[in-house]
Amino acid sequence: MSVQPGWPIARKLTLFLAAIVALLALVSWGMVTSFAREAAGRTQDNILAASATSIAETLRSEGGQVRLELPYAAFSMLGAISEDRVFYRVAAGDDVLTGYADLDGPNVTPGEPSFATLPYRDMNVRAVSVMRVILADGEAVPITVTLAQTRGGVQGIAAGLSRQAAYLSVAVFLLAVGMSAFAVRASLRPLNTMAQHVSTRGPSDLRPLRRRGPPELMPLVRALNRLMDRLEGSIKRSEDFIAEAAHRVRTPLAIVRTQAEIALHSVEEEAQKQTLRRVIRAVDDSSRSASQLLDHAMVSFRADDLARERVNLPALAEGVADALRPTAEMKDIDIALAMSPAEVEGDAILIQNALRNVLDNAIKYSPAETIVRISVGNGGGEARIAVSDEGPGFGEEPAAHLTERFKRGDKVEGVVGSGLGLTIAEEALSAHGGRLELGRNLEGGGACVSLILPAA
């Protein structure tokens, strides 16, 4: 079952922190806006109260009548914060001494100003009323001074402060999101570093992780170490099994073949001889298949942990040719070598295994009394080993599919084989960054297989 990747942790944490920061920025903007409106309103109230008090202080009694001189400073204070309209009314009881007769103010008591927001002439005004008692002809006359101002200036000031608060909140939000993203990445860096450290290891490098990290990662580290311990034990058991299987499979088959050959020379009836020849052929087929299956497993294991050493290709090719020369001589096949200096960096055992399978195929499919040629060369940053024979070739089908496991050509009838030789060779070369090329022998017909590797 495949596991679908979810959202990255860094993105989740960043979005979560961004949502928190956005909420805090919105709350702070609302608080600043509320404070701005309240502060602007209080400022207007203080100026209105100071202006009304200034007007009330100019009231006096002369000849039994109340006299009033409107001070210019009272209105100039109101004009200092905005260009709003100002209305006033000075009344002794129900008698209006001066100002706008239709202006009503809040109820007032002597000593303290009273404030109210009222509708007046299709406008909302902020009004203050101040009461002062004047003695006129020995009587106490209560005088009410009402002063009102429109709210445009206050609202403009509050809107400006709110706008500045919004700009500041957005800036804080962007800065906080950037810092959150940086903090999240910095917090997850130990996890990424650990992942990179594991990914750079070879498949057979199963050493325990020793890197220090946050306490939150230690359960994961311990679980990985336990998994690698179990995996190392499993791989070791598999390698031991392959080695044991190679011994237990090859030895009995060799004994069976030997006994069959002895019996073949001792019997006289042709039917029994044919039966024994079929037994020998089946044993050869089984032995070859088992050997190549084990070789394939060995190539897979070594390719995961590739050894790197300087390999002399002419010496390697000569050694492989000497090892298979007895097999070739049984069919009177000659192995001709054409060597030029060439070296590569890699696993000599894998390269040797690849060449041995290719050369074994060439000998197997070549008719008797022919020549198999091995040429080693170097050029264009690549080293090449070409093995050509005079056999039937790869047939009419595309040769590329012959490197697949258990695939054989259409001209192999009667020839023992498992279809793994070219597969082993290609996998060994791929592990070195090389490739296998299949083609025709241009000199004498047959097949030509080239093993190409990066030159050292």
# chains A, B, ... in the order shown; residues from 1 in each chain; ligands from 1
>>> residues_around(residues="Thr144 (chain A)", least_positions_apart="5", cutoff="7 Å", atoms="only C-alpha atoms", output="ChimeraX atom specification")
/A:90-92,129-132
>>> write_last_selection(atoms="N, CA, C and O atoms", output="compact mmCIF listing (two decimals), in the first residue's frame")
# COMPACT_ATOMS: atom_id res chain seq x y z
N VAL A 90 -26.26 80.66 25.07
CA VAL A 90 -26.15 81.11 26.44
C VAL A 90 -27.56 81.53 26.87
O VAL A 90 -28.18 82.39 26.22
N ALA A 91 -28.05 80.87 27.90
CA ALA A 91 -29.44 81.12 28.31
C ALA A 91 -29.51 81.29 29.82
O ALA A 91 -28.78 80.64 30.57
N ALA A 92 -30.41 82.23 30.20
CA ALA A 92 -30.74 82.41 31.63
C ALA A 92 -32.11 81.84 31.82
O ALA A 92 -33.13 82.45 31.47
N SER A 129 -22.60 71.34 28.32
CA SER A 129 -23.35 72.40 29.02
C SER A 129 -22.68 72.67 30.35
O SER A 129 -22.33 71.73 31.09
N VAL A 130 -22.51 73.98 30.62
CA VAL A 130 -21.90 74.42 31.87
C VAL A 130 -22.85 75.44 32.52
O VAL A 130 -23.35 76.35 31.83
N MET A 131 -23.11 75.28 33.81
CA MET A 131 -24.01 76.20 34.51
C MET A 131 -23.20 77.05 35.50
O MET A 131 -22.34 76.52 36.19
N ARG A 132 -23.52 78.36 35.48
CA ARG A 132 -22.91 79.29 36.44
C ARG A 132 -24.01 80.20 37.00
O ARG A 132 -24.88 80.67 36.26
>>> select_by_dssp(residues="region 14-238 of chain A", states="alpha helix (DSSP H)", output="ChimeraX atom specification")
/A:14-57,72-79,152-199,218-238
>>> atom_distance(atom1="CA of Arg201 (chain A)", atom2="CA of Ile235 (chain A)")
16.1 Å
>>> residues_around(residues="Phe182 (chain A)", least_positions_apart="3", cutoff="12 Å", atoms="only C-alpha atoms", output="tab-separated table (two decimals) with C-alpha atoms, in the first residue's frame")
chain	number	residue	atom	x	y	z
A	10	ALA	CA	7.00	23.40	7.90
A	11	ARG	CA	4.02	24.63	5.87
A	13	LEU	CA	3.43	25.21	11.31
A	14	THR	CA	3.95	28.36	9.27
A	17	LEU	CA	1.54	30.59	13.29
A	175	LEU	CA	7.30	40.45	9.68
A	176	ALA	CA	5.92	37.90	12.13
A	177	VAL	CA	5.05	35.46	9.32
A	178	GLY	CA	8.57	35.78	7.90
A	179	MET	CA	10.11	35.26	11.31
A	185	ARG	CA	12.78	26.00	9.25
A	186	ALA	CA	15.44	26.51	11.88
A	187	SER	CA	13.56	24.20	14.26
A	188	LEU	CA	13.18	21.51	11.58
A	189	ARG	CA	16.77	21.82	10.37
>>> closest_residue(among="A:Leu224, A:Ala456, A:Ala362, A:Val283", to="Arg325 (chain A)", atoms="only C-alpha atoms")
A:Ala362
>>> closest_residue(among="A:Leu227, A:Ala315, A:Val108, A:Ala323", to="Ile385 (chain A)", atoms="only C-alpha atoms")
A:Ala315
>>> closest_residue(among="A:Ala40, A:Ile262, A:Ala52, A:Val86", to="Val154 (chain A)", atoms="only C-alpha atoms")
A:Ala40
>>> closest_residue(among="A:Ile280, A:Val184, A:Leu422, A:Leu103", to="Ile9 (chain A)", atoms="only C-alpha atoms")
A:Val184
>>> atom_distance(atom1="CA of Ala455 (chain A)", atom2="CA of Ile371 (chain A)")
27.7 Å
>>> residues_around(residues="region 155-163 of chain A", least_positions_apart="4", cutoff="9 Å", atoms="only C-alpha atoms", output="count of residues only")
16
>>> atom_distance(atom1="CA of Ile143 (chain A)", atom2="CA of Pro119 (chain A)")
23.1 Å
>>> residues_around(residues="Ser388 (chain A)", least_positions_apart="2", cutoff="7 Å", atoms="only C-alpha atoms", output="VMD selection string")
chain A and resid 372 to 374 386 441 447 to 449
>>> select_by_dssp(residues="region 27-226 of chain A", states="strand (DSSP E or B)", output="number ranges by chain")
A: 60-62, 65-67, 86-92, 95-99, 109, 112, 114-120, 123-136, 139-150
>>> closest_residue(among="A:Glu382, A:Glu83, A:Glu112, A:Asp104", to="Ala342 (chain A)", atoms="only C-alpha atoms")
A:Glu382
>>> residues_around(residues="Glu437 (chain A)", least_positions_apart="4", cutoff="8 Å", atoms="only C-alpha atoms", output="PyMOL selection string")
chain A and resi 449-452
>>> write_last_selection(atoms="N, CA, C and O atoms", output="PDB file, in the first residue's frame")
ATOM      1  N   VAL A 449      28.927  -7.620 -28.541  1.00  0.00           N
ATOM      2  CA  VAL A 449      28.469  -7.040 -27.274  1.00  0.00           C
ATOM      3  C   VAL A 449      29.591  -6.175 -26.721  1.00  0.00           C
ATOM      4  O   VAL A 449      30.723  -6.651 -26.564  1.00  0.00           O
ATOM      5  N   SER A 450      29.263  -4.897 -26.446  1.00  0.00           N
ATOM      6  CA  SER A 450      30.272  -3.955 -25.951  1.00  0.00           C
ATOM      7  C   SER A 450      29.955  -3.560 -24.527  1.00  0.00           C
ATOM      8  O   SER A 450      28.816  -3.173 -24.204  1.00  0.00           O
ATOM      9  N   LEU A 451      30.945  -3.673 -23.662  1.00  0.00           N
ATOM     10  CA  LEU A 451      30.856  -3.240 -22.275  1.00  0.00           C
ATOM     11  C   LEU A 451      31.556  -1.893 -22.172  1.00  0.00           C
ATOM     12  O   LEU A 451      32.779  -1.817 -22.373  1.00  0.00           O
ATOM     13  N   ILE A 452      30.806  -0.832 -21.874  1.00  0.00           N
ATOM     14  CA  ILE A 452      31.338   0.529 -21.888  1.00  0.00           C
ATOM     15  C   ILE A 452      31.297   1.086 -20.475  1.00  0.00           C
ATOM     16  O   ILE A 452      30.249   1.064 -19.811  1.00  0.00           O
TER      17      ILE A 452
END
>>> decode(residues="region 443-456 of chain A", atoms="N, CA and C atoms", output="PDB file, in the first residue's frame")
ATOM      1  N   GLU A 443      32.549  -7.668 -38.914  1.00  0.00           N
ATOM      2  CA  GLU A 443      33.663  -8.303 -39.623  1.00  0.00           C
ATOM      3  C   GLU A 443      33.299  -9.683 -40.160  1.00  0.00           C
ATOM      4  N   GLY A 444      32.576 -10.475 -39.384  1.00  0.00           N
ATOM      5  CA  GLY A 444      32.291 -11.824 -39.859  1.00  0.00           C
ATOM      6  C   GLY A 444      30.911 -12.312 -39.539  1.00  0.00           C
ATOM      7  N   GLY A 445      29.944 -11.415 -39.355  1.00  0.00           N
ATOM      8  CA  GLY A 445      28.620 -11.842 -38.948  1.00  0.00           C
ATOM      9  C   GLY A 445      28.595 -12.182 -37.477  1.00  0.00           C
ATOM     10  N   GLY A 446      27.441 -12.570 -36.987  1.00  0.00           N
ATOM     11  CA  GLY A 446      27.325 -12.902 -35.577  1.00  0.00           C
ATOM     12  C   GLY A 446      27.007 -11.669 -34.759  1.00  0.00           C
ATOM     13  N   ALA A 447      27.248 -11.764 -33.454  1.00  0.00           N
ATOM     14  CA  ALA A 447      26.894 -10.710 -32.508  1.00  0.00           C
ATOM     15  C   ALA A 447      28.132 -10.016 -31.984  1.00  0.00           C
ATOM     16  N   CYS A 448      27.923  -8.765 -31.565  1.00  0.00           N
ATOM     17  CA  CYS A 448      28.978  -7.990 -30.921  1.00  0.00           C
ATOM     18  C   CYS A 448      28.377  -7.310 -29.690  1.00  0.00           C
ATOM     19  N   VAL A 449      28.927  -7.620 -28.541  1.00  0.00           N
ATOM     20  CA  VAL A 449      28.469  -7.040 -27.274  1.00  0.00           C
ATOM     21  C   VAL A 449      29.591  -6.175 -26.721  1.00  0.00           C
ATOM     22  N   SER A 450      29.263  -4.897 -26.446  1.00  0.00           N
ATOM     23  CA  SER A 450      30.272  -3.955 -25.951  1.00  0.00           C
ATOM     24  C   SER A 450      29.955  -3.560 -24.527  1.00  0.00           C
ATOM     25  N   LEU A 451      30.945  -3.673 -23.662  1.00  0.00           N
ATOM     26  CA  LEU A 451      30.856  -3.240 -22.275  1.00  0.00           C
ATOM     27  C   LEU A 451      31.556  -1.893 -22.172  1.00  0.00           C
ATOM     28  N   ILE A 452      30.806  -0.832 -21.874  1.00  0.00           N
ATOM     29  CA  ILE A 452      31.338   0.529 -21.888  1.00  0.00           C
ATOM     30  C   ILE A 452      31.297   1.086 -20.475  1.00  0.00           C
ATOM     31  N   LEU A 453      32.433   1.608 -20.030  1.00  0.00           N
ATOM     32  CA  LEU A 453      32.573   2.158 -18.682  1.00  0.00           C
ATOM     33  C   LEU A 453      33.263   3.505 -18.739  1.00  0.00           C
ATOM     34  N   PRO A 454      32.990   4.397 -17.772  1.00  0.00           N
ATOM     35  CA  PRO A 454      33.735   5.665 -17.705  1.00  0.00           C
ATOM     36  C   PRO A 454      35.211   5.383 -17.439  1.00  0.00           C
ATOM     37  N   ALA A 455      36.066   5.998 -18.230  1.00  0.00           N
ATOM     38  CA  ALA A 455      37.510   5.765 -18.066  1.00  0.00           C
ATOM     39  C   ALA A 455      38.000   6.435 -16.795  1.00  0.00           C
ATOM     40  N   ALA A 456      39.022   5.850 -16.199  1.00  0.00           N
ATOM     41  CA  ALA A 456      39.599   6.417 -14.967  1.00  0.00           C
ATOM     42  C   ALA A 456      40.386   7.667 -15.311  1.00  0.00           C
TER      43      ALA A 456
END
